[in-house]
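What follows is a short report on a single structure.
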Amino acid sequence: MNFRIEKKLEGTLARAGQIETKNGVIKTPAFVTVGTKATVKALTAEQVRSLGAQVVLANTYHLYLQPGTDIVEKAGGFGKFMDWHGPTMTDSGGFQAFSLGAAFGSAVSKVASADTPVEDISLSIGQLANVTDEGVTFKSHIDGSMHLFTPESSMKAQWKIGADMIFAFDECTSPTAPYEYQKKSLARTYEWAKRSLEAHEALDTDKQQALFGVVQGGRYQDLREEAARTIGALPFDGFGIGGSFTKDDIATAVGWVNKILPEEKPRHLLGIGEPRDLFDAVEAGCDLFDCIAPTRMGRHGTLYTHDGRLNIRNAKFIDDFSTLEEGCSCYTCSHHSRAYLAHLFRADEMTAATLASIHNLHFTLRLVERIRESILDGTFSQFKEDFCTRYYKK
RNA sequence: GCGUCGGUGGUAGAGUGGUCAAUUACAUCAGACUGUAAAUCUGACGCCUUCGGGCUACGCAGGUUCAAAUCCUGCCCGGCGCA
């Protein structure tokens, strides 16, 4: 993997560049399409291609459980397995330490509202993941079987899954975890980062895979900066910024980190992808973003338009025969009316998920593409202002 | 015509004297969702409300009872059986 910065935006941390992988080039900033189980939910690989997606990210934990990393390895890697021939990434399974741990069965999400109270993480109940210094013990959400993930086993699994870019094994913490826990967890994630590097070096002797280290630290400036310094000093090929935020401080926290991380390496903001967050994070120096929002929102009937989100299941769309979004060039908008989409959703037809995912992914991919263009031609701040004024006008 | 079983909120269908404005599911109306536990989840769902409560309701009309969706009588409607 090779990263090159083409242009930096004066007065901000934003930059446009290119990542070269053996499976193709990614023009950054870029939105990474999520295909957790080696499929972008509701879409064929051909549809993902035609949307202009540059890179697909799968999940190590999910593929490890099903169909198993040996099968994916035999298939020639998850890209070949799913017929995606472009650049690929895998997440390490570190997110599942949170989603199947503290977050499981609770209302807590990694992006919390500002008034979310900080609590003792150990009070979380119903968790399927338990974190120790050795690694994370998971109780499979599929069949209840127990599995231990360590930095070493995550590297091995990701090696077999065979993506171009992979992540160090980390602990994604909850926004409800107190400072003391975040600090302790951060030290652990740092140890895991070193172990990930060492394990990966032993596997990948001729540098096939790029390994990204993950910066944690929760919502605390000193921890975030410490993480950026320590993780940033390790010989990773790029960096992921992960963990918990609040809706309002993503850009701030990302800025703390990117001011410190080495400039010449790509930065991936893990799991973030609402429009405002994308603008803010690019401005704060991020190059890559993956997010399930476009596809999950789509499947749940929430569709992106330049005038904000709309819920296509609302009664007012039943007889609205206008196009979903005027001027949108996606397949869904060029062929179908809001009324038809509303009908498919109400009838629980599978095509509803497909058409909605196509639109939302097109919207998000195109948005990040335009953000990139606006960096190159110097119109970023105007574009951001125009877009956000209209999108968030309510 | 006789016998028999049954008529409950938008629908299906619980409930068989008080804890019932009435279980549940679906439908409906909204909302949430940010490295996918997610084609998922949450709330509302008779009318009014100063949110304490008030009012009208379980085919219709009477009745018994302190109290009825629940018991009795008549009527109306439907399924089935016999003529």
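Note on naming: chains are A, B, ... as they come in the structure tokens, residues start from 1 per chain, ligands start from 1 in the order shown.
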For the contact check between chain B and chain A, emit one row per residue of chain B within 7 Å, containing the shortest atom pair and the distance in Å rounded to one decimal, counting only C-alpha atoms (C1' of nucleotides), chain then rising number order, as a tab-separated table.
residue	atom	partner	partner_atom	distance
B:C33	C1'	A:Met297	CA	6.8
B:U34	C1'	A:Ile272	CA	4.7
B:G35	C1'	A:Gly271	CA	4.3
B:U36	C1'	A:Ile292	CA	6.4
B:A37	C1'	A:His141	CA	6.1
B:A39	C1'	A:Arg299	CA	6.0
Limited to N, CA and C atoms (P, O5', C5', C4', C3', O3' and C1' of nucleotides), could you put the picked residues into a file as a PDB file, in the first residue's frame?
ATOM      1  P     C B  33     -30.540   8.299  15.864  1.00  0.00           P
ATOM      2  O5'   C B  33     -29.919   6.862  15.582  1.00  0.00           O
ATOM      3  C5'   C B  33     -29.504   5.973  16.644  1.00  0.00           C
ATOM      4  C4'   C B  33     -29.396   4.574  16.042  1.00  0.00           C
ATOM      5  C3'   C B  33     -28.304   4.489  14.987  1.00  0.00           C
ATOM      6  O3'   C B  33     -27.447   3.385  15.242  1.00  0.00           O
ATOM      7  C1'   C B  33     -30.397   3.788  14.102  1.00  0.00           C
ATOM      8  P     U B  34     -25.974   3.587  15.817  1.00  0.00           P
ATOM      9  O5'   U B  34     -25.164   4.246  14.603  1.00  0.00           O
ATOM     10  C5'   U B  34     -24.998   3.526  13.354  1.00  0.00           C
ATOM     11  C4'   U B  34     -23.738   4.059  12.704  1.00  0.00           C
ATOM     12  C3'   U B  34     -22.499   3.912  13.604  1.00  0.00           C
ATOM     13  O3'   U B  34     -21.385   3.325  12.946  1.00  0.00           O
ATOM     14  C1'   U B  34     -22.842   6.185  12.978  1.00  0.00           C
ATOM     15  P     G B  35     -21.480   1.794  12.355  1.00  0.00           P
ATOM     16  O5'   G B  35     -20.090   1.330  11.775  1.00  0.00           O
ATOM     17  C5'   G B  35     -18.971   1.264  12.673  1.00  0.00           C
ATOM     18  C4'   G B  35     -17.935   0.489  11.926  1.00  0.00           C
ATOM     19  C3'   G B  35     -17.900  -0.986  12.321  1.00  0.00           C
ATOM     20  O3'   G B  35     -18.628  -1.719  11.348  1.00  0.00           O
ATOM     21  C1'   G B  35     -15.780   0.058  12.684  1.00  0.00           C
ATOM     22  P     U B  36     -18.833  -3.400  11.554  1.00  0.00           P
ATOM     23  O5'   U B  36     -20.064  -3.672  12.558  1.00  0.00           O
ATOM     24  C5'   U B  36     -21.243  -2.832  12.507  1.00  0.00           C
ATOM     25  C4'   U B  36     -22.415  -3.665  12.945  1.00  0.00           C
ATOM     26  C3'   U B  36     -22.220  -5.187  12.772  1.00  0.00           C
ATOM     27  O3'   U B  36     -22.944  -5.932  13.752  1.00  0.00           O
ATOM     28  C1'   U B  36     -23.859  -4.375  11.250  1.00  0.00           C
ATOM     29  P     A B  37     -22.548  -6.026  15.246  1.00  0.00           P
ATOM     30  O5'   A B  37     -23.550  -7.131  15.829  1.00  0.00           O
ATOM     31  C5'   A B  37     -23.516  -8.456  15.379  1.00  0.00           C
ATOM     32  C4'   A B  37     -24.795  -9.132  15.804  1.00  0.00           C
ATOM     33  C3'   A B  37     -26.036  -8.504  15.177  1.00  0.00           C
ATOM     34  O3'   A B  37     -26.316  -9.174  13.973  1.00  0.00           O
ATOM     35  C1'   A B  37     -26.341  -8.716  17.515  1.00  0.00           C
ATOM     36  P     A B  39     -31.514  -7.017   9.302  1.00  0.00           P
ATOM     37  O5'   A B  39     -33.055  -6.678   9.154  1.00  0.00           O
ATOM     38  C5'   A B  39     -33.515  -5.353   9.149  1.00  0.00           C
ATOM     39  C4'   A B  39     -34.759  -5.320   8.294  1.00  0.00           C
ATOM     40  C3'   A B  39     -35.745  -6.433   8.631  1.00  0.00           C
ATOM     41  O3'   A B  39     -36.659  -5.970   9.586  1.00  0.00           O
ATOM     42  C1'   A B  39     -35.276  -6.457   6.315  1.00  0.00           C
TER      43        A B  39
END
message: Residues of stretch 233-333 of chain A classed as strand (DSSP E or B) by DSSP on the backbone are to be reported as a list in words.
response: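 Secondary structure check on stretch 233-333 of chain A, strand (DSSP E or B): Gly238, Phe239, Gly240, Ile241, Phe245, Thr246, Arg267, His268, Leu269, Leu288, Phe289, Asp290, Cys291, Thr302, Leu303, Tyr304, Thr305, Gly308, Arg309, Leu310, Asn311 and Thr323 of chain A.
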Pull N, CA and C atoms from the residues just selected and write them as a short mmCIF file (atom, residue, chain, number, x, y, z; two decimals), in the first residue's frame.
data_model
loop_
_atom_site.label_atom_id
_atom_site.label_comp_id
_atom_site.auth_asym_id
_atom_site.auth_seq_id
_atom_site.Cartn_x
_atom_site.Cartn_y
_atom_site.Cartn_z
N GLY A 238 -0.96 2.98 8.50
CA GLY A 238 -2.02 3.99 8.56
C GLY A 238 -2.66 3.90 9.93
N PHE A 239 -3.67 4.72 10.16
CA PHE A 239 -4.29 4.75 11.48
C PHE A 239 -5.80 4.79 11.40
N GLY A 240 -6.39 4.08 12.33
CA GLY A 240 -7.83 4.17 12.49
C GLY A 240 -8.11 4.99 13.72
N ILE A 241 -9.17 5.77 13.69
CA ILE A 241 -9.61 6.48 14.88
C ILE A 241 -10.94 5.88 15.26
N PHE A 245 -17.75 8.64 20.95
CA PHE A 245 -17.82 10.09 20.81
C PHE A 245 -19.19 10.54 21.30
N THR A 246 -19.39 11.84 21.30
CA THR A 246 -20.76 12.32 21.39
C THR A 246 -21.07 12.98 20.05
N ARG A 267 -5.51 8.20 7.41
CA ARG A 267 -6.28 8.13 8.66
C ARG A 267 -7.71 7.74 8.33
N HIS A 268 -8.13 6.70 9.02
CA HIS A 268 -9.46 6.16 8.77
C HIS A 268 -10.32 6.39 10.01
N LEU A 269 -11.41 7.13 9.84
CA LEU A 269 -12.32 7.33 10.97
C LEU A 269 -13.32 6.18 10.97
N LEU A 288 -10.40 8.39 5.24
CA LEU A 288 -11.29 7.26 4.97
C LEU A 288 -12.37 7.19 6.05
N PHE A 289 -13.53 6.69 5.63
CA PHE A 289 -14.66 6.52 6.55
C PHE A 289 -15.41 5.28 6.16
N ASP A 290 -15.78 4.48 7.12
CA ASP A 290 -16.70 3.40 6.79
C ASP A 290 -17.91 3.61 7.67
N CYS A 291 -19.05 3.22 7.22
CA CYS A 291 -20.24 3.39 8.05
C CYS A 291 -21.36 2.53 7.52
N THR A 302 -35.26 4.93 6.05
CA THR A 302 -34.81 6.31 6.14
C THR A 302 -33.91 6.61 4.95
N LEU A 303 -34.29 7.59 4.16
CA LEU A 303 -33.58 7.88 2.93
C LEU A 303 -32.97 9.28 2.99
N TYR A 304 -31.76 9.38 2.44
CA TYR A 304 -31.07 10.66 2.41
C TYR A 304 -31.52 11.49 1.21
N THR A 305 -31.78 12.76 1.46
CA THR A 305 -31.95 13.70 0.35
C THR A 305 -31.18 14.96 0.73
N GLY A 308 -32.42 16.80 3.69
CA GLY A 308 -32.48 16.07 4.95
C GLY A 308 -33.01 14.66 4.75
N ARG A 309 -33.10 13.94 5.85
CA ARG A 309 -33.58 12.57 5.78
C ARG A 309 -35.10 12.53 5.71
N LEU A 310 -35.61 11.53 5.05
CA LEU A 310 -37.05 11.32 5.09
C LEU A 310 -37.34 9.86 5.36
N ASN A 311 -38.47 9.61 6.01
CA ASN A 311 -38.89 8.24 6.28
C ASN A 311 -39.94 7.86 5.24
N THR A 323 -40.33 11.76 -7.99
CA THR A 323 -39.13 10.96 -7.83
C THR A 323 -38.57 11.20 -6.44
#
message: Residues within 8 Å of A:Ala284, please, as a VMD selection string. Count only C-alpha atoms (C1' of nucleotides); anything in the same chain fewer than 6 positions from it doesn't count.
response: chain A and resid 12 to 14 251 to 252 254 to 255 258
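Each of B:G7, B:G74, B:G1, B:G13 was checked against B:G59 using only C-alpha atoms (C1' of nucleotides); the smallest atom-to-atom distance is that of B:G7.
Minimum atom-to-atom distances from A:Leu223, A:Met1, A:Val25, A:Leu65 to A:Gln182 were compared using only C-alpha atoms, and the lowest value belongs to A:Leu223.
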task: Would you mind reading off the distance between atom CA of A:Glu152 and atom CA of A:Trp192, one decimal, in Å?
output: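 Atom-to-atom, atom CA of A:Glu152 to atom CA of A:Trp192, that is 8.7 Å.
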message: Could you tell me how far atom CA of A:Leu365 sits from atom CA of A:Ala163, in Å to one decimal place?
response: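 Computed distance, atom CA of A:Ala163 to atom CA of A:Leu365, equals 20.7 Å.
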query: Taking into account only C-alpha atoms, which residue in the set A:Ala228, A:Ala97, A:Cys388, A:Cys328 is nearest to A:Leu278?
result: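 Smallest distance to A:Leu278 is found for A:Cys388.
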Shell around B:A57 at 12 Å using only C-alpha atoms (C1' of nucleotides), local window under 5 positions removed, as a short mmCIF file (atom, residue, chain, number, x, y, z; two decimals) with N, CA and C atoms (P, O5', C5', C4', C3', O3' and C1' of nucleotides), in the first residue's frame:
data_model
loop_
_atom_site.label_atom_id
_atom_site.label_comp_id
_atom_site.auth_asym_id
_atom_site.auth_seq_id
_atom_site.Cartn_x
_atom_site.Cartn_y
_atom_site.Cartn_z
P U B 8 -67.58 -9.69 17.22
"O5'" U B 8 -67.27 -9.14 18.66
"C5'" U B 8 -67.88 -7.91 19.12
"C4'" U B 8 -67.05 -7.34 20.23
"C3'" U B 8 -65.67 -6.85 19.81
"O3'" U B 8 -65.72 -5.52 19.30
"C1'" U B 8 -65.48 -8.17 21.75
P G B 9 -65.28 -5.23 17.80
"O5'" G B 9 -64.16 -4.11 17.90
"C5'" G B 9 -64.49 -2.71 17.72
"C4'" G B 9 -63.40 -1.88 18.33
"C3'" G B 9 -62.11 -1.76 17.50
"O3'" G B 9 -62.06 -0.53 16.81
"C1'" G B 9 -61.64 -2.32 19.77
P C B 20 -57.51 -5.45 35.22
"O5'" C B 20 -58.31 -4.69 34.08
"C5'" C B 20 -58.60 -3.28 34.14
"C4'" C B 20 -59.79 -3.03 33.23
"C3'" C B 20 -61.14 -3.15 33.95
"O3'" C B 20 -61.93 -1.97 33.83
"C1'" C B 20 -61.05 -4.57 32.03
P A B 21 -61.20 -0.55 33.99
"O5'" A B 21 -60.45 -0.21 32.60
"C5'" A B 21 -61.17 0.10 31.47
"C4'" A B 21 -60.32 -0.14 30.24
"C3'" A B 21 -59.23 0.92 30.04
"O3'" A B 21 -58.03 0.33 29.55
"C1'" A B 21 -60.69 0.85 28.17
P A B 22 -57.19 -0.70 30.31
"O5'" A B 22 -57.85 -2.09 29.88
"C5'" A B 22 -57.59 -2.64 28.62
"C4'" A B 22 -58.19 -4.02 28.60
"C3'" A B 22 -58.02 -4.75 27.26
"O3'" A B 22 -56.81 -5.48 27.28
"C1'" A B 22 -60.28 -4.82 27.94
P G B 46 -56.92 3.54 22.04
"O5'" G B 46 -58.40 4.11 21.75
"C5'" G B 46 -58.95 3.96 20.46
"C4'" G B 46 -60.35 4.51 20.47
"C3'" G B 46 -60.44 5.98 20.90
"O3'" G B 46 -60.28 6.82 19.78
"C1'" G B 46 -61.98 4.70 22.15
P C B 47 -59.48 8.17 19.93
"O5'" C B 47 -60.52 9.11 20.69
"C5'" C B 47 -61.67 9.61 20.01
"C4'" C B 47 -62.52 10.40 20.97
"C3'" C B 47 -61.77 11.48 21.74
"O3'" C B 47 -61.61 12.67 21.00
"C1'" C B 47 -63.10 10.24 23.24
P A B 69 -69.33 -4.30 31.53
"O5'" A B 69 -68.95 -5.11 30.20
"C5'" A B 69 -69.80 -5.10 29.07
"C4'" A B 69 -69.60 -6.36 28.26
"C3'" A B 69 -70.04 -7.64 28.98
"O3'" A B 69 -71.40 -7.90 28.72
"C1'" A B 69 -67.84 -7.88 28.10
#
